[in-house]
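Text of the file upload26.cif, holding mmCIF, C-alpha atoms and all ligand atoms:
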```
data_model
loop_
_atom_site.label_atom_id
_atom_site.label_comp_id
_atom_site.auth_asym_id
_atom_site.auth_seq_id
_atom_site.Cartn_x
_atom_site.Cartn_y
_atom_site.Cartn_z
CA MET A 1 54.55 45.98 109.05
CA LYS A 2 56.21 47.25 105.89
CA LEU A 3 58.70 50.07 106.17
CA ASN A 4 59.68 51.04 102.63
CA GLY A 5 61.08 47.57 102.13
CA THR A 6 59.70 45.09 99.65
CA SER A 7 59.29 42.39 102.23
CA SER A 8 58.53 42.30 105.92
CA SER A 9 61.38 39.91 106.59
CA THR A 10 64.99 41.07 106.35
CA PRO A 11 66.10 40.41 102.77
CA LEU A 12 68.80 37.75 103.09
CA ASN A 13 70.93 36.53 100.29
CA GLY A 14 69.84 32.91 100.19
CA ALA A 15 71.81 32.03 103.34
CA SER A 16 70.00 29.56 105.52
CA ALA A 17 69.74 30.54 109.16
CA ASN A 18 70.93 27.17 110.37
CA GLN A 19 73.86 27.08 107.99
CA GLN A 20 76.68 25.09 109.49
CA GLU A 21 79.75 26.97 110.60
CA GLY A 22 82.56 26.62 108.12
CA VAL A 23 80.26 26.16 105.14
CA HIS A 24 80.41 29.22 102.95
CA THR A 25 78.26 30.20 100.03
CA ASN A 26 78.43 32.95 97.41
CA GLY A 27 82.10 32.33 96.72
CA TYR A 28 83.26 33.55 100.12
CA SER A 29 85.54 31.41 102.18
CA ARG A 30 87.71 31.98 105.21
CA HIS A 31 90.98 33.57 104.18
CA GLU A 32 93.72 30.94 104.32
CA ASN A 33 95.97 33.23 106.34
CA TYR A 34 93.18 33.95 108.79
CA SER A 35 94.78 33.38 112.16
CA ALA A 36 92.94 35.47 114.78
CA THR A 37 92.58 33.37 117.88
CA ALA A 38 89.93 33.82 120.54
CA ASP A 39 92.62 35.49 122.69
CA GLN A 40 93.44 37.99 119.96
CA ASP A 41 89.76 38.79 119.47
CA GLU A 42 89.48 39.41 123.20
CA LEU A 43 92.49 41.76 123.12
CA VAL A 44 90.93 43.73 120.25
CA ASP A 45 87.70 44.03 122.28
CA GLU A 46 89.65 45.18 125.33
CA ILE A 47 91.46 47.91 123.37
CA GLY A 48 88.06 49.05 122.10
CA ASP A 49 86.56 49.12 125.57
CA ALA A 50 89.58 50.88 127.11
CA HIS A 51 89.01 53.75 124.67
CA GLY A 52 92.62 54.82 124.83
CA ALA A 53 93.97 57.05 122.08
CA SER A 54 97.40 56.31 120.65
CA SER A 55 98.24 59.98 119.98
CA VAL A 56 96.83 63.51 120.02
CA ASP A 57 96.86 63.59 116.22
CA THR A 58 94.33 61.46 114.43
CA PRO A 59 96.44 58.59 113.04
CA MET A 60 96.45 59.23 109.29
CA ARG A 61 98.59 57.85 106.49
CA PRO A 62 100.71 60.36 104.52
CA ASP A 63 98.82 59.44 101.34
CA ALA A 64 95.41 60.05 102.98
CA PHE A 65 94.34 62.63 100.41
CA ASP A 66 95.87 61.19 97.25
CA LEU A 67 92.39 59.96 96.33
CA ASP A 68 89.77 62.63 95.74
CA ASP A 69 86.41 62.53 97.51
CA GLU A 70 84.48 61.20 94.50
CA LEU A 71 86.82 58.23 94.12
CA LYS A 72 86.65 57.57 97.88
CA VAL A 73 82.84 57.47 97.67
CA ASP A 74 83.01 55.00 94.74
CA LEU A 75 85.50 52.72 96.52
CA ILE A 76 83.71 52.77 99.88
CA GLU A 77 80.43 52.03 98.10
CA GLU A 78 82.02 48.96 96.54
CA HIS A 79 83.46 47.75 99.86
CA PHE A 80 80.31 48.43 101.86
CA ARG A 81 78.32 46.47 99.28
CA GLU A 82 80.69 43.57 99.99
CA ILE A 83 80.12 43.88 103.74
CA MET A 84 76.37 43.71 103.18
CA ASN A 85 76.81 40.78 100.78
CA ILE A 86 78.90 38.90 103.30
CA LEU A 87 76.21 39.50 105.91
CA GLY A 88 73.86 37.76 103.52
CA LEU A 89 71.70 40.77 102.66
CA ASP A 90 69.97 40.85 99.29
CA LEU A 91 71.28 43.94 97.50
CA THR A 92 68.63 43.67 94.79
CA ASP A 93 65.99 44.56 97.38
CA ASP A 94 64.58 48.07 96.79
CA SER A 95 65.18 49.10 100.38
CA LEU A 96 68.81 47.97 100.45
CA LYS A 97 70.16 48.62 97.00
CA GLY A 98 70.90 52.30 97.62
CA SER A 99 72.52 51.73 101.03
CA PRO A 100 76.16 51.18 99.95
CA ARG A 101 76.27 54.52 98.09
CA ARG A 102 74.33 56.28 100.88
CA VAL A 103 76.79 55.05 103.50
CA ALA A 104 79.81 55.94 101.33
CA LYS A 105 78.59 59.51 100.76
CA MET A 106 77.75 59.89 104.44
CA TYR A 107 81.27 58.75 105.45
CA VAL A 108 83.19 60.97 103.05
CA LYS A 109 80.98 64.07 102.80
CA GLU A 110 79.34 64.23 106.21
CA ILE A 111 80.43 62.33 109.28
CA PHE A 112 84.16 61.96 108.45
CA ARG A 113 84.68 65.18 106.46
CA GLY A 114 86.75 66.55 109.35
CA LEU A 115 89.58 64.14 108.47
CA ASN A 116 90.48 66.50 105.63
CA PRO A 117 92.30 69.67 106.79
CA ALA A 118 90.85 71.42 103.71
CA ASN A 119 87.51 71.37 105.56
CA LYS A 120 88.83 73.09 108.68
CA PRO A 121 86.81 76.27 109.40
CA ALA A 122 88.75 79.49 108.85
CA PRO A 123 88.80 81.41 112.12
CA THR A 124 87.30 84.90 112.21
CA LEU A 125 89.17 86.93 114.80
CA PHE A 126 88.40 90.38 116.11
CA ASP A 127 90.32 92.80 118.31
CA ASN A 128 89.22 92.70 121.91
CA LYS A 129 87.92 96.28 121.73
CA PHE A 130 85.84 96.01 124.88
CA ARG A 131 88.90 95.08 126.90
CA TYR A 132 86.88 92.13 128.16
CA ASN A 133 89.47 90.32 130.21
CA GLU A 134 87.27 87.75 131.94
CA MET A 135 86.67 84.24 130.72
CA LEU A 136 84.24 83.62 127.87
CA VAL A 137 82.36 80.33 128.09
CA GLU A 138 80.41 78.78 125.23
CA LYS A 139 78.52 75.95 126.86
CA ASP A 140 76.31 73.09 125.71
CA ILE A 141 77.82 72.89 122.21
CA THR A 142 76.43 69.81 120.47
CA VAL A 143 78.88 66.93 120.16
CA GLN A 144 78.08 64.26 117.57
CA THR A 145 81.07 62.14 116.73
CA TYR A 146 81.90 58.47 116.09
CA CYS A 147 83.86 56.08 118.26
CA GLU A 148 86.92 54.99 116.27
CA HIS A 149 86.87 51.56 117.88
CA HIS A 150 83.29 50.63 116.98
CA PHE A 151 82.21 53.27 114.42
CA VAL A 152 79.01 54.06 116.29
CA PRO A 153 77.99 57.52 117.60
CA ILE A 154 79.21 59.39 120.64
CA ILE A 155 76.65 62.09 121.50
CA GLY A 156 76.94 64.81 124.10
CA LYS A 157 77.92 68.36 124.89
CA ALA A 158 81.11 70.38 124.88
CA HIS A 159 81.83 73.43 127.02
CA VAL A 160 84.60 75.64 125.67
CA ALA A 161 86.21 78.58 127.49
CA TYR A 162 89.04 81.03 126.92
CA ILE A 163 90.48 84.25 128.30
CA SER A 164 91.42 86.68 125.54
CA SER A 165 95.05 87.61 125.02
CA GLY A 166 93.98 90.45 122.71
CA LYS A 167 91.92 88.64 120.09
CA VAL A 168 88.38 87.31 120.29
CA ILE A 169 86.76 84.75 118.03
CA GLY A 170 83.27 84.79 116.51
CA LEU A 171 81.03 82.71 118.79
CA SER A 172 79.75 80.43 116.04
CA LYS A 173 83.38 79.62 115.15
CA LEU A 174 83.71 77.89 118.51
CA ASN A 175 80.83 75.61 117.50
CA ARG A 176 82.40 75.10 114.05
CA ILE A 177 85.76 74.10 115.52
CA VAL A 178 84.09 71.57 117.83
CA GLU A 179 82.08 70.26 114.87
CA TYR A 180 85.16 69.95 112.64
CA PHE A 181 87.05 67.73 115.09
CA CYS A 182 83.85 65.74 115.75
CA LYS A 183 83.62 64.81 112.07
CA ARG A 184 86.25 62.12 112.44
CA PRO A 185 86.42 58.68 113.95
CA GLN A 186 87.36 59.73 117.48
CA VAL A 187 88.10 58.84 121.06
CA GLN A 188 86.73 61.41 123.48
CA GLU A 189 90.09 62.14 125.13
CA ARG A 190 91.71 63.01 121.81
CA LEU A 191 88.72 65.08 120.67
CA THR A 192 88.98 67.15 123.87
CA VAL A 193 92.69 67.84 123.42
CA GLN A 194 92.42 68.52 119.67
CA ILE A 195 89.79 71.23 120.27
CA ALA A 196 91.85 72.78 123.10
CA ASP A 197 95.07 72.75 121.02
CA GLU A 198 93.35 74.36 118.03
CA LEU A 199 91.88 77.15 120.20
CA LYS A 200 95.26 77.79 121.85
CA LYS A 201 96.82 78.15 118.42
CA ILE A 202 94.13 80.39 116.93
CA LEU A 203 93.69 82.62 119.99
CA GLU A 204 97.41 82.75 120.77
CA THR A 205 96.88 81.96 124.42
CA GLU A 206 97.32 79.04 126.78
CA ASP A 207 94.21 80.13 128.70
CA VAL A 208 91.80 77.64 127.16
CA ALA A 209 89.58 74.95 128.65
CA VAL A 210 87.43 72.27 127.05
CA ILE A 211 85.04 69.94 128.88
CA ILE A 212 83.08 67.21 127.09
CA ASP A 213 80.28 65.13 128.60
CA ALA A 214 79.08 62.44 126.21
CA LYS A 215 77.29 59.14 125.88
CA HIS A 216 78.96 56.41 123.88
CA LEU A 217 76.58 54.22 121.91
CA CYS A 218 79.17 51.46 121.95
CA VAL A 219 78.66 51.37 125.73
CA SER A 220 74.86 51.74 125.66
CA THR A 221 73.75 49.66 122.66
CA ARG A 222 76.26 46.78 122.86
CA GLY A 223 78.89 45.35 125.16
CA VAL A 224 77.94 46.33 128.71
CA HIS A 225 74.59 47.87 127.57
CA ASP A 226 74.75 50.72 130.07
CA VAL A 227 72.26 53.33 128.90
CA ASN A 228 72.80 55.70 131.83
CA SER A 229 76.53 56.35 132.10
CA SER A 230 78.24 59.24 130.39
CA THR A 231 81.93 60.05 130.03
CA VAL A 232 83.44 63.38 131.08
CA THR A 233 86.82 64.57 129.79
CA ALA A 234 88.52 67.91 130.37
CA SER A 235 91.53 69.88 129.22
CA TYR A 236 92.45 72.79 131.53
CA ASN A 237 95.30 74.96 130.30
CA GLY A 238 97.04 78.15 131.42
CA LYS A 239 94.97 80.05 134.00
CA PHE A 240 92.28 77.36 133.86
CA ALA A 241 94.66 74.99 135.59
CA GLU A 242 94.49 77.29 138.64
CA GLU A 243 91.89 76.15 141.12
CA ALA A 244 89.91 79.43 141.43
CA THR A 245 89.58 79.86 137.64
CA LYS A 246 88.66 76.21 137.18
CA GLN A 247 85.98 76.48 139.88
CA GLU A 248 84.55 79.64 138.29
CA LEU A 249 84.30 77.82 134.95
CA LEU A 250 82.65 74.79 136.56
CA ARG A 251 80.10 77.10 138.25
CA TYR A 252 79.10 78.58 134.88
CA VAL A 253 78.94 75.18 133.24
CA THR A 254 76.79 73.59 135.94
CA GLN A 255 74.38 76.48 136.49
CA PRO A 256 71.12 76.08 134.50
CA SER A 257 71.19 77.70 131.06
CA VAL A 258 68.90 80.62 130.34
CA THR A 259 65.64 79.76 128.64
CA ILE A 260 64.35 82.09 125.97
ZN ZN A 301 83.60 52.43 121.24
#
```

What does this structure look like when you write it as structure tokens?
Ligand SMILES: [Zn+2]
Amino acid sequence: MKLNGTSSSTPLNGASANQQEGVHTNGYSRHENYSATADQDELVDEIGDAHGASSVDTPMRPDAFDLDDELKVDLIEEHFREIMNILGLDLTDDSLKGSPRRVAKMYVKEIFRGLNPANKPAPTLFDNKFRYNEMLVEKDITVQTYCEHHFVPIIGKAHVAYISSGKVIGLSKLNRIVEYFCKRPQVQERLTVQIADELKKILETEDVAVIIDAKHLCVSTRGVHDVNSSTVTASYNGKFAEEATKQELLRYVTQPSVTI
């Protein structure tokens, strides 16, 4: 079957399938300083599978925004073309030739746009005129982010709750804040804490909770190939750390949502 491509076989770049290991074509050869041993590869895999985050802040270099977005797209396009070339794909094929630029634009302008603080949503706050002093829970917020160890999707739901200290936030802003921190290479633990910290700051209260339940495609489509498991992370702060408040939140989160 043909799917937009010019050929029904994957367009490879002249590389023979039974090419001997160590024989390189197209001018590529193993870097002379290449020294990763099997043990080191295993350690890298283990760090990826452990999914530990090194810090609450996304690790960024100080010069992260010296390049503008257009230049980043151009450079990533160039490098992604090289990745495809190295894989042996034929970049003159109609189906593939646009992929490096497509991927570069997707990285910079869509799925990793939350790396840039300039894209952080401006909070819209209102006075708590109704004197509503109970918890507000926004549940089932869509989570679509990317595992920073494998660069494949993490898909799930976030439940966000706060108790007003005098200010309330527009409901859609809660979704926007979750979305902003999702648009980065992430680990789920860090994503959870980053959302909670941002809400604490904006709402000027410690009484914030965030729960995320998500499936990691690096667990389901590779490695252990477990399609059923999901990962739950939570950040309970202020009054939400108290058992009764936490239980009330969990009741709201687990009860079926209204259907309209
Ligand atoms: Zn992963």

Quick one: which segment 90-146 of chain A residues come within 12 Å of segment 197-200 of chain A, and what is the nearest atom pair for each with the distance in Å to one decimal, counting only C-alpha atoms, rows ordered by chain and ascending number, as a Markdown table?
```
| residue | atom | partner | partner_atom | distance |
| --- | --- | --- | --- | --- |
| A:Lys120 | CA | A:Glu198 | CA | 10.5 |
| A:Pro121 | CA | A:Glu198 | CA | 11.0 |
| A:Ala122 | CA | A:Glu198 | CA | 11.5 |
| A:Pro123 | CA | A:Leu199 | CA | 9.6 |
| A:Leu125 | CA | A:Leu199 | CA | 11.5 |
```

Can those selected residues be exported to a file as a PDB file, in the coordinates of the input so that it contains C-alpha atoms?
```pdb
ATOM      1  CA  LYS A 120      88.830  73.090 108.680  1.00  0.00           C
ATOM      2  CA  PRO A 121      86.810  76.270 109.400  1.00  0.00           C
ATOM      3  CA  ALA A 122      88.750  79.490 108.850  1.00  0.00           C
ATOM      4  CA  PRO A 123      88.800  81.410 112.120  1.00  0.00           C
ATOM      5  CA  LEU A 125      89.170  86.930 114.800  1.00  0.00           C
TER       6      LEU A 125
END
```

Long-range neighbours of Leu191 of chain A as a list in words, 9 Å cut-off, all atoms listed in the file, 2 positions minimum in chain =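 Contacts, with the query itself left out: Val56, Val178, Phe181, Cys182, Gln186, Val187, Gln188, Glu189, Val193, Gln194, Ile195, Ala196 and Ile212 of chain A.
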
key: Near-ligand residues for ligand ZN 301 (chain A), threshold 12 Å, all atoms listed in the file, as an MDAnalysis selection string   = chainID A and resid 44:53 145:155 185:188 215:225 231

Would you output that residue set with C-alpha atoms, as a compact mmCIF listing (two decimals), in the coordinates of the input?
```txt
# COMPACT_ATOMS: atom_id res chain seq x y z
CA VAL A 44 90.93 43.73 120.25
CA ASP A 45 87.70 44.03 122.28
CA GLU A 46 89.65 45.18 125.33
CA ILE A 47 91.46 47.91 123.37
CA GLY A 48 88.06 49.05 122.10
CA ASP A 49 86.56 49.12 125.57
CA ALA A 50 89.58 50.88 127.11
CA HIS A 51 89.01 53.75 124.67
CA GLY A 52 92.62 54.82 124.83
CA ALA A 53 93.97 57.05 122.08
CA THR A 145 81.07 62.14 116.73
CA TYR A 146 81.90 58.47 116.09
CA CYS A 147 83.86 56.08 118.26
CA GLU A 148 86.92 54.99 116.27
CA HIS A 149 86.87 51.56 117.88
CA HIS A 150 83.29 50.63 116.98
CA PHE A 151 82.21 53.27 114.42
CA VAL A 152 79.01 54.06 116.29
CA PRO A 153 77.99 57.52 117.60
CA ILE A 154 79.21 59.39 120.64
CA ILE A 155 76.65 62.09 121.50
CA PRO A 185 86.42 58.68 113.95
CA GLN A 186 87.36 59.73 117.48
CA VAL A 187 88.10 58.84 121.06
CA GLN A 188 86.73 61.41 123.48
CA LYS A 215 77.29 59.14 125.88
CA HIS A 216 78.96 56.41 123.88
CA LEU A 217 76.58 54.22 121.91
CA CYS A 218 79.17 51.46 121.95
CA VAL A 219 78.66 51.37 125.73
CA SER A 220 74.86 51.74 125.66
CA THR A 221 73.75 49.66 122.66
CA ARG A 222 76.26 46.78 122.86
CA GLY A 223 78.89 45.35 125.16
CA VAL A 224 77.94 46.33 128.71
CA HIS A 225 74.59 47.87 127.57
CA THR A 231 81.93 60.05 130.03
```

key: Shell around segment 67-80 of chain A at 9 Å using only C-alpha atoms, local window under 2 positions removed, as a ChimeraX atom specification   = /A:63-65,82-85,99-109

message = Restricting the calculation to all atoms listed in the file: of A:Arg184, A:Arg81, A:Arg251, A:Arg131, which residue gets closest to Pro59 of chain A?
response = A:Arg184

message = Need the shell around segment 162-168 of chain A: protein/DNA/RNA residues with any atom at most 12 Å away, counting all atoms listed in the file. Skip same-chain ones fewer than 4 positions apart. Format as a PyMOL selection string?
response = chain A and resi 123-139+172-174+195-211+235-241+245-246+249

For the residues in that selection, give me C-alpha atoms as a tab-separated table (two decimals), in the frame of the given file.
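The result, written out as result.tsv:
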```
chain	number	residue	atom	x	y	z
A	123	PRO	CA	88.80	81.41	112.12
A	124	THR	CA	87.30	84.90	112.21
A	125	LEU	CA	89.17	86.93	114.80
A	126	PHE	CA	88.40	90.38	116.11
A	127	ASP	CA	90.32	92.80	118.31
A	128	ASN	CA	89.22	92.70	121.91
A	129	LYS	CA	87.92	96.28	121.73
A	130	PHE	CA	85.84	96.01	124.88
A	131	ARG	CA	88.90	95.08	126.90
A	132	TYR	CA	86.88	92.13	128.16
A	133	ASN	CA	89.47	90.32	130.21
A	134	GLU	CA	87.27	87.75	131.94
A	135	MET	CA	86.67	84.24	130.72
A	136	LEU	CA	84.24	83.62	127.87
A	137	VAL	CA	82.36	80.33	128.09
A	138	GLU	CA	80.41	78.78	125.23
A	139	LYS	CA	78.52	75.95	126.86
A	172	SER	CA	79.75	80.43	116.04
A	173	LYS	CA	83.38	79.62	115.15
A	174	LEU	CA	83.71	77.89	118.51
A	195	ILE	CA	89.79	71.23	120.27
A	196	ALA	CA	91.85	72.78	123.10
A	197	ASP	CA	95.07	72.75	121.02
A	198	GLU	CA	93.35	74.36	118.03
A	199	LEU	CA	91.88	77.15	120.20
A	200	LYS	CA	95.26	77.79	121.85
A	201	LYS	CA	96.82	78.15	118.42
A	202	ILE	CA	94.13	80.39	116.93
A	203	LEU	CA	93.69	82.62	119.99
A	204	GLU	CA	97.41	82.75	120.77
A	205	THR	CA	96.88	81.96	124.42
A	206	GLU	CA	97.32	79.04	126.78
A	207	ASP	CA	94.21	80.13	128.70
A	208	VAL	CA	91.80	77.64	127.16
A	209	ALA	CA	89.58	74.95	128.65
A	210	VAL	CA	87.43	72.27	127.05
A	211	ILE	CA	85.04	69.94	128.88
A	235	SER	CA	91.53	69.88	129.22
A	236	TYR	CA	92.45	72.79	131.53
A	237	ASN	CA	95.30	74.96	130.30
A	238	GLY	CA	97.04	78.15	131.42
A	239	LYS	CA	94.97	80.05	134.00
A	240	PHE	CA	92.28	77.36	133.86
A	241	ALA	CA	94.66	74.99	135.59
A	245	THR	CA	89.58	79.86	137.64
A	246	LYS	CA	88.66	76.21	137.18
A	249	LEU	CA	84.30	77.82	134.95
```

inquiry  = Could you tell me how far atom CA of Ile177 of chain A sits from atom CA of Gly114 of chain A, in Å to one decimal place?
reply    =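 Separation between atom CA of Gly114 of chain A and atom CA of Ile177 of chain A: 9.8 Å.
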
query = Nearest to Val160 of chain A among A:Ala234, A:Ile260, A:Leu91, A:Ala244, with distances taken over all atoms listed in the file: which residue is it?
reply = A:Ala234

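The nearest approach to Pro11 of chain A among the residues A:Asp213, A:Asp66, A:Asp94, A:Asp140, with all atoms listed in the file taken into account, belongs to A:Asp94.
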
ask   = How many Å lie between atom CA of Thr192 of chain A and atom CA of Pro62 of chain A, rounded to one decimal?
value = 23.6 Å
